[in-house]
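Chemist: What follows is coords_6.txt, compact mmCIF, C-alpha atoms.
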```txt
# COMPACT_ATOMS: atom_id res chain seq x y z
CA MET A 89 2.75 -11.95 -11.95
CA GLY A 90 1.26 -8.47 -11.82
CA ALA A 91 -0.05 -5.89 -9.37
CA GLN A 92 -2.54 -3.04 -9.36
CA ASN A 93 -0.84 0.16 -10.47
CA CYS A 94 -1.87 2.09 -7.36
CA GLY A 95 0.84 3.12 -4.92
CA PHE A 96 3.45 0.66 -3.66
CA GLY A 97 1.15 -1.50 -1.52
CA PRO A 98 0.00 -4.01 -4.17
CA VAL A 99 3.38 -4.38 -5.89
CA SER A 100 5.28 -4.68 -2.60
CA GLU A 101 2.96 -7.53 -1.70
CA LEU A 102 3.62 -9.06 -5.13
CA VAL A 103 7.36 -8.83 -4.45
CA ALA A 104 6.84 -10.49 -1.07
CA VAL A 105 4.87 -13.35 -2.63
CA SER A 106 7.37 -13.73 -5.47
CA ARG A 107 10.37 -13.97 -3.16
CA GLN A 108 8.78 -17.02 -1.51
CA LEU A 109 8.37 -18.83 -4.84
CA VAL A 110 12.03 -19.29 -5.79
CA ALA A 111 11.38 -22.79 -7.22
CA HIS A 112 9.20 -21.26 -9.95
CA GLU A 113 10.12 -19.06 -12.90
CA ARG A 114 8.60 -15.73 -11.91
CA VAL A 115 7.74 -13.19 -14.61
CA PHE A 116 6.56 -9.68 -13.75
CA VAL A 117 4.33 -7.72 -16.12
CA GLY A 118 3.01 -4.24 -15.41
CA ASP A 119 3.42 -0.52 -15.84
CA GLY A 120 3.51 2.78 -14.01
CA VAL A 121 4.41 2.94 -10.33
CA ALA A 122 4.12 -0.86 -10.05
CA ALA A 123 6.87 -1.25 -12.65
CA VAL A 124 9.00 1.40 -10.90
CA PHE A 125 8.89 -0.58 -7.65
CA ALA A 126 9.44 -3.90 -9.42
CA ARG A 127 12.53 -2.53 -11.17
CA ARG A 128 13.92 -1.33 -7.83
CA ASN A 129 13.46 -4.90 -6.55
CA ALA A 130 14.22 -6.79 -9.74
CA ASP A 131 15.96 -9.63 -7.88
CA ALA A 132 12.49 -10.81 -6.80
CA PHE A 133 11.72 -11.89 -10.39
CA ASP A 134 13.36 -14.00 -13.07
CA ALA A 135 12.14 -11.77 -15.89
CA MET A 136 10.42 -8.39 -16.16
CA TYR A 137 8.13 -6.86 -18.78
CA ASP A 138 7.47 -3.15 -18.26
CA THR A 139 4.56 -2.14 -20.49
CA SER A 140 4.75 1.57 -19.61
CA GLY A 141 4.36 3.79 -22.66
CA LEU A 142 3.15 1.05 -24.99
CA SER A 143 0.06 1.55 -27.14
CA GLU A 144 -2.99 -0.36 -25.92
CA SER A 145 -2.82 -2.84 -28.79
CA THR A 146 0.90 -3.50 -28.27
CA ARG A 147 0.43 -3.80 -24.52
CA SER A 148 -2.47 -6.25 -24.93
CA ALA A 149 -0.51 -8.37 -27.39
CA ALA A 150 2.48 -8.51 -25.03
CA ILE A 151 0.36 -9.60 -22.05
CA GLU A 152 -1.53 -12.18 -24.10
CA ASP A 153 1.78 -13.63 -25.33
CA LEU A 154 3.03 -13.93 -21.74
CA LEU A 155 -0.21 -15.59 -20.67
CA ARG A 156 0.06 -18.17 -23.43
CA GLY A 157 3.48 -19.15 -22.08
CA SER A 158 2.46 -19.31 -18.43
CA ASP A 159 1.29 -22.16 -16.22
CA HIS A 160 -0.27 -19.94 -13.56
CA VAL A 161 -0.96 -16.24 -12.94
CA VAL A 162 -0.66 -14.33 -9.66
CA SER A 163 -2.44 -10.97 -9.52
CA VAL A 164 -2.32 -8.62 -6.55
CA MET A 165 -5.50 -6.56 -6.85
CA ASP A 166 -5.11 -6.22 -10.63
CA ALA A 167 -8.62 -7.05 -11.86
CA GLU A 168 -7.67 -6.66 -15.52
CA LEU A 169 -4.92 -9.29 -15.25
CA VAL A 170 -7.40 -11.71 -13.68
CA LEU A 171 -9.88 -11.07 -16.48
CA ARG A 172 -7.22 -11.58 -19.15
CA SER A 173 -6.11 -14.81 -17.45
CA VAL A 174 -9.65 -16.18 -17.39
CA VAL A 175 -10.11 -15.42 -21.08
CA ALA A 176 -6.74 -17.07 -21.81
CA GLY A 177 -7.80 -20.16 -19.86
CA ARG A 178 -5.02 -19.85 -17.29
CA PRO A 179 -5.47 -20.60 -13.58
CA VAL A 180 -5.13 -17.37 -11.63
CA ALA A 181 -4.77 -16.46 -7.95
CA MET A 182 -6.23 -13.11 -6.93
CA VAL A 183 -4.32 -11.73 -3.92
CA ASP A 184 -5.93 -8.84 -2.02
CA SER A 185 -4.98 -6.89 1.11
CA LEU A 186 -8.01 -4.56 0.93
CA PHE A 187 -10.77 -7.15 0.56
CA SER A 188 -13.13 -5.49 3.06
CA PHE A 189 -12.50 -2.00 1.64
CA TRP A 190 -14.17 -2.34 -1.76
CA GLN A 191 -17.43 -0.41 -1.96
CA LEU A 192 -20.36 -2.01 -3.82
CA THR A 193 -23.27 -0.17 -5.43
CA ARG A 194 -25.12 -3.34 -6.44
CA PRO A 195 -25.84 -6.71 -4.79
CA LEU A 196 -23.21 -9.45 -4.86
CA THR A 197 -25.71 -11.72 -6.59
CA GLU A 198 -25.87 -9.31 -9.54
CA ILE A 199 -22.07 -9.25 -9.81
CA LEU A 200 -21.97 -13.05 -9.71
CA ASP A 201 -24.63 -13.25 -12.45
CA LEU A 202 -22.54 -10.96 -14.65
CA CYS A 203 -19.45 -13.10 -14.06
CA THR A 204 -21.37 -16.30 -14.85
CA ALA A 205 -22.72 -14.90 -18.12
CA MET A 206 -19.44 -13.27 -19.16
CA PRO A 207 -18.21 -14.23 -22.66
CA ARG A 208 -14.76 -15.79 -22.53
CA SER A 209 -13.75 -15.86 -26.19
CA ARG A 210 -12.04 -12.44 -26.29
CA PHE A 211 -10.79 -10.02 -23.65
CA ALA A 212 -12.51 -7.06 -25.32
CA ALA A 213 -15.88 -8.82 -25.15
CA ALA A 214 -15.37 -9.83 -21.51
CA ASP A 215 -14.22 -6.33 -20.58
CA GLN A 216 -17.26 -4.78 -22.28
CA HIS A 217 -19.58 -7.22 -20.51
CA LEU A 218 -18.31 -5.96 -17.12
CA SER A 219 -18.08 -2.30 -18.16
CA GLY A 220 -21.04 -1.29 -15.99
CA LEU A 221 -19.20 -2.27 -12.81
CA THR A 222 -17.33 0.32 -10.77
CA PRO A 223 -13.55 -0.18 -10.28
CA HIS A 224 -14.24 -1.54 -6.79
CA GLU A 225 -16.89 -3.93 -8.08
CA ARG A 226 -14.54 -5.18 -10.79
CA ILE A 227 -12.08 -6.24 -8.10
CA VAL A 228 -14.80 -8.19 -6.30
CA ALA A 229 -15.77 -9.68 -9.67
CA ALA A 230 -12.12 -10.71 -10.12
CA HIS A 231 -12.36 -12.67 -6.87
CA LEU A 232 -15.42 -14.47 -8.21
CA LEU A 233 -13.73 -15.19 -11.54
CA ALA A 234 -10.32 -16.23 -10.20
CA THR A 235 -9.33 -19.84 -9.66
CA HIS A 236 -8.05 -18.97 -6.19
CA SER A 237 -8.76 -16.02 -3.88
CA VAL A 238 -6.19 -15.04 -1.23
CA VAL A 239 -7.04 -12.17 1.13
CA GLN A 240 -5.06 -10.57 3.92
CA ASN A 241 -6.90 -10.44 7.23
CA PHE A 242 -8.40 -7.11 8.35
CA PRO A 243 -11.59 -5.98 10.12
CA GLY A 244 -14.55 -6.77 7.86
CA VAL A 245 -12.84 -9.58 5.95
CA THR A 246 -14.68 -12.36 7.79
CA GLU A 247 -18.06 -10.80 7.06
CA ARG A 248 -17.35 -10.23 3.36
CA ALA A 249 -15.89 -13.72 2.99
CA ALA A 250 -19.10 -15.14 4.45
CA ASP A 251 -21.15 -13.08 1.99
CA LEU A 252 -19.18 -14.48 -0.95
CA ALA A 253 -19.35 -18.02 0.40
CA ALA A 254 -23.14 -17.71 0.68
CA LEU A 255 -23.33 -17.17 -3.08
CA GLY A 256 -22.23 -20.75 -3.64
CA GLY A 257 -20.01 -19.80 -6.57
CA GLY A 258 -16.64 -18.32 -7.29
CA SER A 259 -13.20 -19.32 -6.09
CA ARG A 260 -12.26 -20.79 -2.74
CA LEU A 261 -11.23 -17.94 -0.46
CA ARG A 262 -8.27 -18.26 1.90
CA VAL A 263 -7.49 -15.71 4.63
CA THR A 264 -3.81 -15.05 5.35
CA GLY A 265 -1.80 -13.04 7.81
CA SER A 266 0.82 -10.52 6.73
CA ILE A 267 1.73 -10.53 3.03
CA VAL A 268 5.29 -9.32 3.57
CA ASP A 269 8.88 -10.24 2.69
CA ILE A 270 9.44 -12.68 5.54
CA GLU A 271 13.02 -13.51 4.54
CA GLY A 272 13.97 -9.86 4.17
CA LEU A 273 12.42 -9.02 7.53
CA ARG A 274 14.20 -11.95 9.18
CA ASP A 275 17.58 -10.92 7.78
CA VAL A 276 17.62 -7.32 9.02
CA VAL A 277 20.44 -6.56 11.45
CA ARG A 278 18.59 -5.19 14.44
CA THR A 279 21.80 -4.40 16.34
CA ALA A 280 23.23 -2.24 13.54
CA GLU A 281 23.98 1.39 14.30
CA PRO A 282 21.08 3.44 12.85
CA ASP A 283 21.86 5.62 9.87
CA TYR A 284 18.89 7.89 10.64
CA ASP A 285 17.21 9.29 13.72
CA VAL A 286 13.75 9.03 12.19
CA LEU A 287 12.24 7.32 9.15
CA ILE A 288 9.26 8.92 7.41
CA ASN A 289 7.79 6.45 4.93
CA ILE A 290 5.20 8.00 2.59
CA GLY A 291 4.88 4.93 0.32
CA GLY A 292 4.39 4.94 -3.43
CA PHE A 293 1.88 7.83 -3.38
CA LYS A 294 0.89 7.57 -7.06
CA ASN A 295 -2.55 6.11 -7.81
CA PHE A 296 -5.66 6.68 -9.96
CA LEU A 297 -5.72 10.38 -8.96
CA LEU A 298 -2.46 11.25 -7.23
CA ASP A 299 0.75 11.73 -9.18
CA PHE A 300 4.18 13.15 -8.48
CA ASP A 301 3.44 16.35 -10.42
CA VAL A 302 -0.38 16.37 -10.49
CA ASN A 303 -2.71 16.40 -7.49
CA ASN A 304 0.45 16.31 -5.39
CA GLU A 305 -0.56 18.74 -2.63
CA TYR A 306 0.26 16.11 0.01
CA VAL A 307 3.88 15.88 -1.20
CA ARG A 308 4.14 19.67 -1.39
CA LEU A 309 2.85 19.88 2.18
CA ILE A 310 5.48 17.35 3.27
CA HIS A 311 8.14 19.48 1.56
CA ARG A 312 7.00 22.53 3.53
CA TRP A 313 6.81 20.64 6.82
CA ILE A 314 10.14 18.74 6.81
CA PRO A 315 12.34 21.83 7.43
CA ASP A 316 10.03 22.76 10.33
CA LEU A 317 10.34 19.24 11.71
CA LEU A 318 14.11 19.74 11.77
CA ARG A 319 13.65 23.07 13.54
CA ASP A 320 11.13 21.76 16.08
CA TRP A 321 12.97 18.53 16.90
CA PRO A 322 16.72 19.12 17.42
CA ARG A 323 17.15 15.41 18.19
CA PHE A 324 16.20 14.61 14.58
CA ARG A 325 19.52 15.45 12.93
CA ARG A 326 19.33 12.73 10.28
CA VAL A 327 15.94 12.14 8.68
CA LEU A 328 15.06 9.78 5.84
CA VAL A 329 11.89 10.58 3.88
CA CYS A 330 11.31 7.54 1.67
CA GLY A 331 8.71 7.16 -1.06
CA GLY A 332 7.79 7.03 -4.71
CA PRO A 333 7.93 10.82 -5.29
CA PHE A 334 11.69 10.67 -4.65
CA GLY A 335 12.65 7.91 -7.07
CA GLU A 336 14.15 7.92 -10.56
CA GLY A 337 16.11 11.17 -10.44
CA ARG A 338 13.83 12.96 -7.96
CA GLU A 339 16.09 12.54 -4.93
CA GLN A 340 16.77 15.67 -2.90
CA THR A 341 18.17 16.81 0.42
CA LEU A 342 16.51 19.36 2.67
CA ARG A 343 18.46 21.15 5.43
CA ALA A 344 17.39 23.35 8.35
CA ALA A 345 18.64 24.19 11.85
CA GLY A 346 21.69 21.97 11.45
CA GLY A 347 19.62 18.95 10.50
CA ARG A 348 19.40 17.06 7.22
CA ALA A 349 16.52 15.20 5.54
CA ASP A 350 17.34 12.84 2.68
CA CYS A 351 14.34 12.33 0.39
CA ARG A 352 14.96 9.08 -1.50
CA LEU A 353 13.41 5.88 -2.77
CA LEU A 354 15.22 2.86 -1.34
CA ARG A 355 15.06 -0.74 -2.41
CA GLN A 356 12.59 -2.64 -0.28
CA ARG A 357 15.12 -4.55 1.80
CA GLU A 358 17.21 -1.43 2.38
CA LEU A 359 14.08 0.27 3.67
CA LEU A 360 13.34 -2.66 6.00
CA GLN A 361 16.82 -2.28 7.50
CA VAL A 362 16.20 1.41 8.22
CA ALA A 363 12.72 0.61 9.62
CA ALA A 364 14.28 -1.93 11.99
CA THR A 365 16.90 0.43 13.41
CA ALA A 366 15.68 4.05 13.22
CA PRO A 367 14.73 5.15 16.77
CA ASP A 368 11.46 6.68 15.53
CA TYR A 369 9.25 5.61 12.62
CA LEU A 370 6.51 7.70 10.99
CA MET A 371 4.50 6.22 8.12
CA ALA A 372 1.58 6.87 5.83
CA PRO A 373 -1.02 4.32 7.05
CA GLY A 374 -0.65 1.76 4.29
CA LEU A 375 -1.38 -1.82 5.30
CA THR A 376 1.75 -3.43 3.86
CA THR A 377 4.00 -0.96 5.65
CA LEU A 378 2.06 -1.53 8.86
CA HIS A 379 2.38 -5.33 8.57
CA GLU A 380 6.12 -5.01 7.97
CA SER A 381 6.44 -2.84 11.06
CA ILE A 382 4.48 -5.32 13.19
CA THR A 383 6.73 -8.16 12.01
CA LEU A 384 9.78 -6.08 12.93
CA GLY A 385 8.33 -5.47 16.38
CA ARG A 386 8.12 -1.72 15.75
CA LEU A 387 5.10 0.43 16.57
CA PRO A 388 5.01 3.30 14.05
CA LEU A 389 3.17 6.61 14.20
CA ALA A 390 0.64 7.10 11.39
CA ILE A 391 0.90 10.40 9.56
CA HIS A 392 -1.91 12.13 7.70
CA GLU A 393 -3.94 10.34 5.04
CA GLN A 394 -3.03 10.52 1.35
CA HIS A 395 -6.14 8.85 -0.06
CA TYR A 396 -9.47 7.40 0.99
CA ALA A 397 -8.09 3.90 1.69
CA HIS A 398 -5.96 5.44 4.44
CA VAL A 399 -9.10 6.93 5.98
CA PHE A 400 -10.71 3.48 5.88
CA THR A 401 -7.66 1.90 7.51
CA MET A 402 -7.46 4.40 10.35
CA ARG A 403 -11.17 4.12 11.08
CA ALA A 404 -10.98 0.33 11.17
CA LEU A 405 -8.04 0.47 13.60
CA ASP A 406 -9.43 3.29 15.73
CA GLY A 407 -9.76 0.99 18.74
CA THR A 408 -6.04 0.19 18.76
CA LEU A 409 -3.18 2.25 20.15
CA PHE A 410 -1.89 2.71 16.60
CA GLY A 411 -5.27 4.04 15.49
CA ARG A 412 -5.71 6.36 18.46
CA MET A 413 -2.21 7.80 18.17
CA GLY A 414 -2.24 8.44 14.43
CA GLY A 415 -2.40 11.88 12.85
CA ARG A 416 -5.45 12.82 10.79
CA PHE A 417 -6.31 15.85 8.71
CA THR A 418 -9.49 16.17 10.76
CA ASP A 419 -7.23 17.12 13.69
CA VAL A 420 -6.55 20.32 11.76
CA VAL A 421 -9.84 20.96 9.94
CA PRO A 422 -12.56 19.02 11.78
CA CYS A 423 -15.44 20.26 9.63
CA HIS A 424 -13.95 19.62 6.20
CA PRO A 425 -16.40 17.42 4.23
CA LEU A 426 -14.99 14.02 3.24
CA PRO A 427 -17.19 12.07 0.80
CA GLU A 428 -17.51 8.36 1.58
CA ASP A 429 -16.13 7.43 -1.82
CA ASP A 430 -12.69 6.37 -3.03
CA VAL A 431 -12.24 8.93 -5.81
CA ALA A 432 -14.23 11.81 -4.31
CA GLY A 433 -12.78 11.17 -0.84
CA THR A 434 -9.23 11.17 -2.21
CA ALA A 435 -9.92 14.39 -4.15
CA ALA A 436 -11.18 15.99 -0.92
CA LEU A 437 -7.94 15.02 0.84
CA VAL A 438 -5.94 16.61 -1.99
CA GLU A 439 -7.93 19.81 -1.55
CA LEU A 440 -7.47 19.70 2.21
CA ALA A 441 -3.70 19.22 1.98
CA GLY A 442 -3.57 22.21 -0.38
CA ARG A 443 -5.61 24.40 1.96
CA ILE A 444 -3.36 23.56 4.90
CA ARG A 445 -0.18 24.18 2.91
CA GLU A 446 -1.31 27.59 1.63
CA ASP A 447 -3.13 28.95 4.70
CA GLN A 448 -0.70 30.21 7.34
CA GLN A 449 -3.13 29.69 10.23
CA LEU A 450 -4.09 26.18 9.14
CA TYR A 451 -0.47 25.26 8.55
CA ALA A 452 0.47 26.49 12.02
CA GLU A 453 -2.28 24.28 13.47
CA TYR A 454 -1.04 21.33 11.36
CA ARG A 455 2.50 21.82 12.62
CA LYS A 456 1.32 22.12 16.22
CA THR A 457 -0.91 19.03 16.17
CA PHE A 458 1.76 16.97 14.39
CA ASN A 459 4.28 17.92 17.08
CA GLU A 460 1.77 16.90 19.75
CA ARG A 461 1.33 13.51 18.10
CA ILE A 462 5.09 13.01 17.95
CA GLU A 463 5.44 13.97 21.61
CA GLN A 464 2.76 11.45 22.61
CA TYR A 465 4.37 8.79 20.45
CA ARG A 466 7.86 9.31 21.83
CA ALA A 467 6.52 9.27 25.41
CA LEU A 468 5.26 5.68 25.04
CA THR A 469 7.07 3.21 27.29
CA PRO A 470 8.51 -0.04 25.86
CA PRO A 471 5.66 -2.08 27.46
CA GLN A 472 3.07 0.25 25.91
CA ARG A 473 4.69 -0.14 22.50
CA ARG A 474 4.79 -3.94 22.84
CA GLN A 475 1.12 -3.95 23.79
CA GLY A 476 0.30 -1.81 20.76
CA ILE A 477 2.14 -4.23 18.49
CA GLU A 478 0.52 -7.28 20.07
CA GLU A 479 -3.02 -5.97 19.68
CA LEU A 480 -2.41 -5.30 16.00
CA GLY A 481 -0.88 -8.75 15.56
CA GLU A 482 -3.90 -10.44 17.12
CA LEU A 483 -6.33 -8.41 15.04
CA LEU A 484 -4.56 -9.03 11.73
CA ASN A 485 -3.43 -12.64 12.24
CA GLY A 486 -4.00 -15.37 9.65
CA ALA A 487 -2.46 -18.34 7.86
CA PRO A 488 1.13 -17.90 6.56
CA THR A 489 1.05 -16.58 3.00
CA HIS A 490 3.83 -18.91 1.88
CA SER A 491 1.92 -22.04 2.90
CA VAL A 492 -1.23 -20.80 1.17
CA MET A 493 0.59 -19.96 -2.08
CA THR A 494 2.52 -23.26 -1.99
CA GLU A 495 -0.77 -25.13 -1.67
CA ILE A 496 -2.17 -23.20 -4.63
CA LEU A 497 0.79 -23.42 -6.98
CA GLY A 498 2.24 -26.78 -5.95
CA ALA A 499 5.64 -27.97 -7.17
CA PRO A 500 6.91 -26.36 -10.39
CA ASP A 501 6.88 -29.64 -12.31
CA ALA A 502 3.22 -30.10 -11.38
CA ALA A 503 2.12 -26.57 -12.24
```
Show me this structure written as structure tokens.
Modeler:
Amino acid sequence: MGAQNCGFGPVSELVAVSRQLVAHERVFVGDGVAAVFARRNADAFDAMYDTSGLSESTRSAAIEDLLRGSDHVVSVMDAELVLRSVVAGRPVAMVDSLFSFWQLTRPLTEILDLCTAMPRSRFAAADQHLSGLTPHERIVAAHLLATHSVVQNFPGVTERAADLAALGGGSRLRVTGSIVDIEGLRDVVRTAEPDYDVLINIGGFKNFLLDFDVNNEYVRLIHRWIPDLLRDWPRFRRVLVCGGPFGEGREQTLRAAGGRADCRLLRQRELLQVAATAPDYLMAPGLTTLHESITLGRLPLAIHEQHYAHVFTMRALDGTLFGRMGGRFTDVVPCHPLPEDDVAGTAALVELAGRIREDQQLYAEYRKTFNERIEQYRALTPPQRRQGIEELGELLNGAPTHSVMTEILGAPDAA
């Protein structure tokens, strides 16, 4: 079992899938921020192999050894793991919560032709054969190569699924609802006294461009803003800021105006408990976090985008209350150019966060518009919040993930 090393979304979905497969022996393999999250939630797996820091040859040998000893592979948006599984002759399920997001620069038929002609004797040869594909196109290729394709519902999924089906090749595609830790969500104690007045969940943050110490202008902006949040909102005496930048020795506490903000990385189920009970919930607009919130019956307020996928998400949900309420950097700098590209768009957001943090006038506007969003959010009545949750639930509904994965994997002795 492995997940794309890009924020906490993919690996949190992997943890959710793994927790539902207790009858199987579940082995995690991965590196980077995916391994960080997996280690924090190690009880979701029976064994863990963190390949962080290994040389490429050692890492490849370790993964190939694991594949030889496996009956089935589950990959959450990790195209390389799918490719390695195909070369190793192992059945593999490609799980994807961003299926409609991937941008293509060439026709699907061309990608399918490349997959059909791909050599399968060695990983290096297969990898070289697909080297002309963009990272997004490689993920779509992984769907075509995988034995099974499992995608979380979202606007645009139906259309892309129809496009793939029209090719007449590739894996059977199944559309699911929320890929979340159902058991963990069910077991939260909703009547518990809240430990915090507000939860701010910024997710894993780290991806192909962003890192905790590099291209981290978003995190530095959050650091500047949190003390002002405590000053502007006296009711927020106890704040939890949870996310990847505050894990593994990076925890810190910020204080201002008699309030306190704990910046920490919690285990997933601890975070779900806080999300269920904190009176107010602000979150970076990641899909897994949003699905968890919907399942908890909580309508969160989206905070400003970290990367281009967040821009895509907010645009797709613009017709919902969640989408309309959410904060956007364009509230502060409407004319800032944002390339319609994952890497370039994310780089532009990094630049924008830096401009706002450093420019006193822009920062003042950011603080003002954020406060306005919070005021609007807190003014929502319980019926309005329920309606906002229901419209998201209807839009993102699909088959239960557990039933889909059980159908794919079967009983352990039949795997």
Chemist: Would you please work out which residue, of A:Leu440, A:Leu202, A:Ile227, A:Leu287, is nearest to Glu393 of chain A when using only C-alpha atoms?
Modeler: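 Result for the nearest residue to Glu393 of chain A: A:Leu440.
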Chemist: Just the residues within 10 Å of Ala229 of chain A, please, counting all atoms listed in the file, with nothing from its chain fewer than 3 positions along; format it as a list in words.
Modeler: Ala167, Val170, Leu171, Leu196, Ile199, Leu200, Asp201, Leu202, Cys203, Leu218, Leu221, Pro223, His224, Glu225, Arg226, Leu232, Leu233, Ala234 and Gly258 of chain A
Chemist: Mind pulling up the distance from atom CA of Arg172 of chain A to atom CA of Leu155 of chain A?
Modeler: 8.2 Å
Chemist: Just want the 12 Å neighbourhood of Glu358 of chain A, counted on all atoms listed in the file, with same-chain residues fewer than 3 positions away dropped. Output as a PyMOL selection string.
Modeler: chain A and resi 128-129+272-273+275-277+283+328+330+352-355+361-365
Chemist: How many Å lie between atom CA of Leu342 of chain A and atom CA of Trp321 of chain A, rounded to one decimal?
Modeler: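 Between atom CA of Leu342 of chain A and atom CA of Trp321 of chain A the gap works out to 14.7 Å.
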Chemist: Write out N, CA, C and O atoms for segment 237-253 of chain A, as a PDB file, in the coordinates of the input.
Modeler:
```
ATOM      1  N   SER A 237      -8.620 -17.336  -4.486  1.00  0.00           N
ATOM      2  CA  SER A 237      -8.760 -16.020  -3.880  1.00  0.00           C
ATOM      3  C   SER A 237      -8.011 -16.014  -2.557  1.00  0.00           C
ATOM      4  O   SER A 237      -8.302 -16.828  -1.675  1.00  0.00           O
ATOM      5  N   VAL A 238      -7.034 -15.110  -2.423  1.00  0.00           N
ATOM      6  CA  VAL A 238      -6.190 -15.040  -1.230  1.00  0.00           C
ATOM      7  C   VAL A 238      -6.309 -13.634  -0.663  1.00  0.00           C
ATOM      8  O   VAL A 238      -5.950 -12.655  -1.336  1.00  0.00           O
ATOM      9  N   VAL A 239      -6.800 -13.501   0.562  1.00  0.00           N
ATOM     10  CA  VAL A 239      -7.040 -12.170   1.130  1.00  0.00           C
ATOM     11  C   VAL A 239      -6.327 -12.037   2.472  1.00  0.00           C
ATOM     12  O   VAL A 239      -6.310 -12.957   3.287  1.00  0.00           O
ATOM     13  N   GLN A 240      -5.731 -10.874   2.666  1.00  0.00           N
ATOM     14  CA  GLN A 240      -5.060 -10.570   3.920  1.00  0.00           C
ATOM     15  C   GLN A 240      -6.085 -10.164   4.973  1.00  0.00           C
ATOM     16  O   GLN A 240      -6.990  -9.382   4.698  1.00  0.00           O
ATOM     17  N   ASN A 241      -5.926 -10.688   6.167  1.00  0.00           N
ATOM     18  CA  ASN A 241      -6.900 -10.440   7.230  1.00  0.00           C
ATOM     19  C   ASN A 241      -6.948  -8.957   7.618  1.00  0.00           C
ATOM     20  O   ASN A 241      -5.933  -8.263   7.641  1.00  0.00           O
ATOM     21  N   PHE A 242      -8.167  -8.488   7.919  1.00  0.00           N
ATOM     22  CA  PHE A 242      -8.400  -7.110   8.350  1.00  0.00           C
ATOM     23  C   PHE A 242      -9.842  -7.053   8.838  1.00  0.00           C
ATOM     24  O   PHE A 242     -10.673  -7.885   8.444  1.00  0.00           O
ATOM     25  N   PRO A 243     -10.187  -6.101   9.707  1.00  0.00           N
ATOM     26  CA  PRO A 243     -11.590  -5.980  10.120  1.00  0.00           C
ATOM     27  C   PRO A 243     -12.534  -5.906   8.924  1.00  0.00           C
ATOM     28  O   PRO A 243     -12.316  -5.135   7.983  1.00  0.00           O
ATOM     29  N   GLY A 244     -13.578  -6.725   8.943  1.00  0.00           N
ATOM     30  CA  GLY A 244     -14.550  -6.770   7.860  1.00  0.00           C
ATOM     31  C   GLY A 244     -14.326  -7.891   6.879  1.00  0.00           C
ATOM     32  O   GLY A 244     -15.224  -8.227   6.096  1.00  0.00           O
ATOM     33  N   VAL A 245     -13.142  -8.506   6.889  1.00  0.00           N
ATOM     34  CA  VAL A 245     -12.840  -9.580   5.950  1.00  0.00           C
ATOM     35  C   VAL A 245     -13.715 -10.802   6.210  1.00  0.00           C
ATOM     36  O   VAL A 245     -14.254 -11.412   5.277  1.00  0.00           O
ATOM     37  N   THR A 246     -13.874 -11.182   7.461  1.00  0.00           N
ATOM     38  CA  THR A 246     -14.680 -12.360   7.790  1.00  0.00           C
ATOM     39  C   THR A 246     -16.109 -12.209   7.292  1.00  0.00           C
ATOM     40  O   THR A 246     -16.676 -13.144   6.709  1.00  0.00           O
ATOM     41  N   GLU A 247     -16.681 -11.029   7.477  1.00  0.00           N
ATOM     42  CA  GLU A 247     -18.060 -10.800   7.060  1.00  0.00           C
ATOM     43  C   GLU A 247     -18.193 -10.849   5.535  1.00  0.00           C
ATOM     44  O   GLU A 247     -19.120 -11.464   5.003  1.00  0.00           O
ATOM     45  N   ARG A 248     -17.266 -10.210   4.828  1.00  0.00           N
ATOM     46  CA  ARG A 248     -17.350 -10.230   3.360  1.00  0.00           C
ATOM     47  C   ARG A 248     -17.075 -11.628   2.820  1.00  0.00           C
ATOM     48  O   ARG A 248     -17.709 -12.049   1.842  1.00  0.00           O
ATOM     49  N   ALA A 249     -16.167 -12.351   3.427  1.00  0.00           N
ATOM     50  CA  ALA A 249     -15.890 -13.720   2.990  1.00  0.00           C
ATOM     51  C   ALA A 249     -17.139 -14.586   3.144  1.00  0.00           C
ATOM     52  O   ALA A 249     -17.445 -15.419   2.285  1.00  0.00           O
ATOM     53  N   ALA A 250     -17.869 -14.384   4.243  1.00  0.00           N
ATOM     54  CA  ALA A 250     -19.100 -15.140   4.450  1.00  0.00           C
ATOM     55  C   ALA A 250     -20.146 -14.783   3.402  1.00  0.00           C
ATOM     56  O   ALA A 250     -20.879 -15.655   2.914  1.00  0.00           O
ATOM     57  N   ASP A 251     -20.205 -13.510   3.021  1.00  0.00           N
ATOM     58  CA  ASP A 251     -21.150 -13.080   1.990  1.00  0.00           C
ATOM     59  C   ASP A 251     -20.843 -13.756   0.649  1.00  0.00           C
ATOM     60  O   ASP A 251     -21.746 -14.202  -0.056  1.00  0.00           O
ATOM     61  N   LEU A 252     -19.555 -13.833   0.295  1.00  0.00           N
ATOM     62  CA  LEU A 252     -19.180 -14.480  -0.950  1.00  0.00           C
ATOM     63  C   LEU A 252     -19.438 -15.982  -0.896  1.00  0.00           C
ATOM     64  O   LEU A 252     -19.903 -16.582  -1.870  1.00  0.00           O
ATOM     65  N   ALA A 253     -19.135 -16.583   0.257  1.00  0.00           N
ATOM     66  CA  ALA A 253     -19.350 -18.020   0.400  1.00  0.00           C
ATOM     67  C   ALA A 253     -20.831 -18.366   0.268  1.00  0.00           C
ATOM     68  O   ALA A 253     -21.202 -19.424  -0.267  1.00  0.00           O
TER      69      ALA A 253
END
```
